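Participant: Enclosed is the structure file run02.csv (CSV, C-alpha atoms).
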chain,number,residue,atom,x,y,z
A,1,MET,CA,-51.5,-60.9,28.8
A,2,LYS,CA,-50.1,-57.9,30.6
A,3,ASN,CA,-50.4,-59.7,34.0
A,4,LEU,CA,-48.5,-62.7,32.5
A,5,LEU,CA,-45.7,-60.4,31.5
A,6,TYR,CA,-45.5,-58.9,35.0
A,7,LEU,CA,-45.5,-62.4,36.5
A,8,PHE,CA,-42.7,-63.4,34.2
A,9,LEU,CA,-40.6,-60.4,35.1
A,10,ALA,CA,-41.2,-60.9,38.8
A,11,VAL,CA,-40.2,-64.5,38.6
A,12,THR,CA,-37.1,-63.6,36.5
A,13,LEU,CA,-36.0,-60.9,39.0
A,14,PHE,CA,-36.3,-63.1,42.1
A,15,SER,CA,-34.9,-66.3,40.5
A,16,CYS,CA,-31.7,-64.8,39.2
A,17,SER,CA,-28.8,-65.7,41.4
A,18,SER,CA,-26.3,-63.2,42.6
A,19,ASP,CA,-22.9,-62.9,40.9
A,20,ASP,CA,-21.4,-62.7,44.4
A,21,ASN,CA,-20.0,-66.2,45.0
A,22,SER,CA,-18.1,-65.2,48.1
A,23,GLU,CA,-18.6,-66.7,51.4
A,24,ALA,CA,-17.8,-65.3,54.8
A,25,PHE,CA,-14.1,-65.4,55.6
A,26,ASN,CA,-13.1,-68.2,58.1
A,27,SER,CA,-12.0,-66.3,61.1
A,28,ASP,CA,-10.0,-69.4,62.3
A,29,SER,CA,-8.1,-69.5,59.1
A,30,GLU,CA,-4.3,-70.2,59.2
A,31,LEU,CA,-4.0,-67.1,57.0
A,32,VAL,CA,-5.0,-64.7,59.8
A,33,GLY,CA,-2.0,-62.9,61.2
A,34,ASP,CA,1.1,-60.9,60.3
A,35,TRP,CA,2.9,-61.4,57.0
A,36,VAL,CA,6.1,-59.9,55.5
A,37,ALA,CA,6.5,-59.7,51.8
A,38,THR,CA,9.4,-58.8,49.6
A,39,TYR,CA,8.8,-57.5,46.1
A,40,GLN,CA,11.2,-57.4,43.2
A,41,GLY,CA,11.2,-56.6,39.5
A,42,ASP,CA,11.2,-53.0,38.1
A,43,ASP,CA,11.3,-51.9,41.8
A,44,PHE,CA,12.0,-53.7,45.1
A,45,GLY,CA,11.2,-53.4,48.7
A,46,THR,CA,9.2,-54.9,51.5
A,47,ALA,CA,5.6,-54.9,52.8
A,48,GLU,CA,4.3,-55.7,56.2
A,49,MET,CA,0.7,-56.8,56.2
A,50,THR,CA,-1.9,-58.1,58.6
A,51,VAL,CA,-4.7,-60.4,57.6
A,52,SER,CA,-7.6,-59.8,60.0
A,53,SER,CA,-10.2,-62.4,61.1
A,54,SER,CA,-12.6,-60.9,58.5
A,55,GLY,CA,-10.1,-61.3,55.6
A,56,THR,CA,-9.2,-57.7,55.4
A,57,VAL,CA,-5.5,-56.9,54.6
A,58,THR,CA,-3.9,-53.8,56.0
A,59,GLY,CA,-0.3,-52.7,56.4
A,60,TYR,CA,2.5,-50.7,54.9
A,61,VAL,CA,4.8,-50.9,51.9
A,62,ASP,CA,8.4,-49.8,52.7
A,63,SER,CA,7.2,-48.7,56.2
A,64,PHE,CA,5.3,-45.7,55.0
A,65,SER,CA,2.8,-46.3,52.1
A,66,PRO,CA,-0.5,-47.8,53.4
A,67,ILE,CA,-1.7,-51.0,51.7
A,68,SER,CA,-5.2,-52.4,51.9
A,69,GLY,CA,-7.1,-55.3,50.4
A,70,THR,CA,-8.7,-58.6,51.0
A,71,VAL,CA,-7.9,-62.3,51.1
A,72,SER,CA,-10.4,-65.1,50.4
A,73,ASN,CA,-10.8,-68.4,52.2
A,74,ASN,CA,-8.7,-70.1,49.4
A,75,GLY,CA,-5.9,-67.5,49.9
A,76,ASN,CA,-6.5,-65.3,46.9
A,77,LEU,CA,-5.1,-61.9,47.8
A,78,THR,CA,-5.8,-58.6,46.1
A,79,ALA,CA,-4.3,-55.4,47.6
A,80,THR,CA,-3.4,-51.9,46.5
A,81,PHE,CA,-1.3,-49.0,47.6
A,82,GLY,CA,-0.8,-45.5,46.3
A,83,SER,CA,-3.2,-43.6,44.2
A,84,VAL,CA,-3.4,-41.5,41.1
A,85,ASP,CA,-2.7,-38.4,43.3
A,86,THR,CA,0.6,-39.9,44.6
A,87,GLY,CA,1.7,-40.9,41.1
A,88,TYR,CA,1.8,-44.6,41.7
A,89,GLU,CA,-1.1,-46.9,42.0
A,90,THR,CA,0.1,-50.4,42.6
A,91,THR,CA,-1.9,-53.6,42.7
A,92,TYR,CA,-0.7,-56.9,44.3
A,93,SER,CA,-2.4,-60.1,43.4
A,94,GLY,CA,-1.5,-63.7,44.3
A,95,ASN,CA,-2.1,-66.4,46.8
A,96,LEU,CA,-1.3,-66.9,50.5
A,97,GLN,CA,-0.9,-70.5,51.6
A,98,THR,CA,-1.9,-72.1,54.9
A,99,ASN,CA,1.7,-73.3,55.2
A,100,GLY,CA,2.8,-69.7,55.8
A,101,THR,CA,4.1,-68.8,52.4
A,102,GLY,CA,2.7,-66.7,49.6
A,103,SER,CA,3.6,-65.4,46.2
A,104,GLY,CA,2.2,-63.4,43.3
A,105,THR,CA,2.7,-60.5,41.0
A,106,TRP,CA,2.5,-56.7,41.3
A,107,SER,CA,2.0,-53.9,38.8
A,108,SER,CA,1.8,-50.2,38.8
A,109,ARG,CA,-0.8,-48.8,36.4
A,110,ILE,CA,0.7,-45.4,36.3
A,111,SER,CA,4.5,-46.1,36.0
A,112,GLY,CA,4.1,-49.4,34.1
A,113,TYR,CA,6.4,-51.1,36.6
A,114,SER,CA,5.8,-54.7,37.5
A,115,GLY,CA,7.3,-57.7,39.2
A,116,THR,CA,6.8,-60.5,41.6
A,117,TRP,CA,6.4,-60.9,45.3
A,118,THR,CA,6.9,-63.6,48.0
A,119,ALA,CA,5.6,-63.6,51.5
A,120,ILE,CA,6.2,-65.4,54.8
A,121,LYS,CA,3.8,-65.5,57.8
A,122,GLN,CA,5.4,-64.2,61.0
Before we go any further, please render this structure as structure tokens.

Facilitator:
Amino acid sequence: MKNLLYLFLAVTLFSCSSDDNSEAFNSDSELVGDWVATYQGDDFGTAEMTVSSSGTVTGYVDSFSPISGTVSNNGNLTATFGSVDTGYETTYSGNLQTNGTGSGTWSSRISGYSGTWTAIKQ
């Protein structure tokens, strides 16, 4: 009986699928390249971002605050800048389109500020 229980546990562990449904980012994606975003709402400004061939997002908000994140093959973007230490931790989420446009929302967990953003590929 004990052996049957161990067999059941082993089969269960190895047959469970991963929750990670992500696939490798398409390095030939039209999303790869430089983007400029403007944000508005409780605050306003610009962000310059680069989407790498691995789907990594890097850049700067208002030319001095580093931003980093990821974009998926379907264009879903999540990026953050700031930190608790700096007094502002802001998250951008939304979608980049292969036609060179993007849009979404942003919110700052610490200040409570929020708004929308739009982006254009350069």

Participant: Can you tell me which residues surround Asp85 in chain A at a distance of at most 12 Å, considering only C-alpha atoms, apart from same-chain residues fewer than 4 positions away, and format the answer as a ChimeraX atom specification?

Facilitator: /A:81,89,110

Participant: I need the residues from that last selection saved to file as a PDB file, in the coordinates of the input (with C-alpha atoms), if you can.

Facilitator:
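What ended up in result_35.pdb:
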ATOM      1  CA  PHE A  81      -1.300 -49.000  47.600  1.00  0.00           C
ATOM      2  CA  GLU A  89      -1.100 -46.900  42.000  1.00  0.00           C
ATOM      3  CA  ILE A 110       0.700 -45.400  36.300  1.00  0.00           C
TER       4      ILE A 110
END

Participant: Could you list, as a PDB file with C-alpha atoms, keeping the file's coordinate frame, every residue within 10 Å of range 60-66 of chain A, counting only C-alpha atoms and ignoring same-chain residues fewer than 2 positions away?

Facilitator:
ATOM      1  CA  VAL A  36       6.100 -59.900  55.500  1.00  0.00           C
ATOM      2  CA  ALA A  37       6.500 -59.700  51.800  1.00  0.00           C
ATOM      3  CA  THR A  38       9.400 -58.800  49.600  1.00  0.00           C
ATOM      4  CA  TYR A  39       8.800 -57.500  46.100  1.00  0.00           C
ATOM      5  CA  PHE A  44      12.000 -53.700  45.100  1.00  0.00           C
ATOM      6  CA  GLY A  45      11.200 -53.400  48.700  1.00  0.00           C
ATOM      7  CA  THR A  46       9.200 -54.900  51.500  1.00  0.00           C
ATOM      8  CA  ALA A  47       5.600 -54.900  52.800  1.00  0.00           C
ATOM      9  CA  GLU A  48       4.300 -55.700  56.200  1.00  0.00           C
ATOM     10  CA  MET A  49       0.700 -56.800  56.200  1.00  0.00           C
ATOM     11  CA  THR A  50      -1.900 -58.100  58.600  1.00  0.00           C
ATOM     12  CA  THR A  58      -3.900 -53.800  56.000  1.00  0.00           C
ATOM     13  CA  SER A  68      -5.200 -52.400  51.900  1.00  0.00           C
ATOM     14  CA  THR A  80      -3.400 -51.900  46.500  1.00  0.00           C
ATOM     15  CA  PHE A  81      -1.300 -49.000  47.600  1.00  0.00           C
ATOM     16  CA  GLY A  82      -0.800 -45.500  46.300  1.00  0.00           C
TER      17      GLY A  82
END

Participant: Between CA of Gln97 in chain A and CA of Arg109 in chain A, what is the distance, to one decimal in Å?

Facilitator: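 Rounded to one decimal, the two atoms are 26.5 Å apart.
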
Participant: Between A:Asn73, A:Gln40, A:Thr56, A:Gln122, which has the minimum distance to Trp106 in chain A (counting all atoms listed in the file)?

Facilitator: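 With all atoms listed in the file as the atom set, the closest residue is A:Gln40.
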
Participant: State, in Å with one decimal place, the distance from CA of Ser27 in chain A to CA of Ser72 in chain A.

Facilitator: 10.9 Å

Participant: Give me, as a list in words, all polymer residues having an atom no more than 9 Å from Val57 in chain A, counting all atoms listed in the file and skipping those fewer than 3 positions away in the same chain.

Facilitator: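 Contacts, in chain order: Met49, Thr50, Val51, Ser52, Ile67, Ser68, Gly69, Thr70, Val71, Leu77, Thr78 and Ala79 of chain A.
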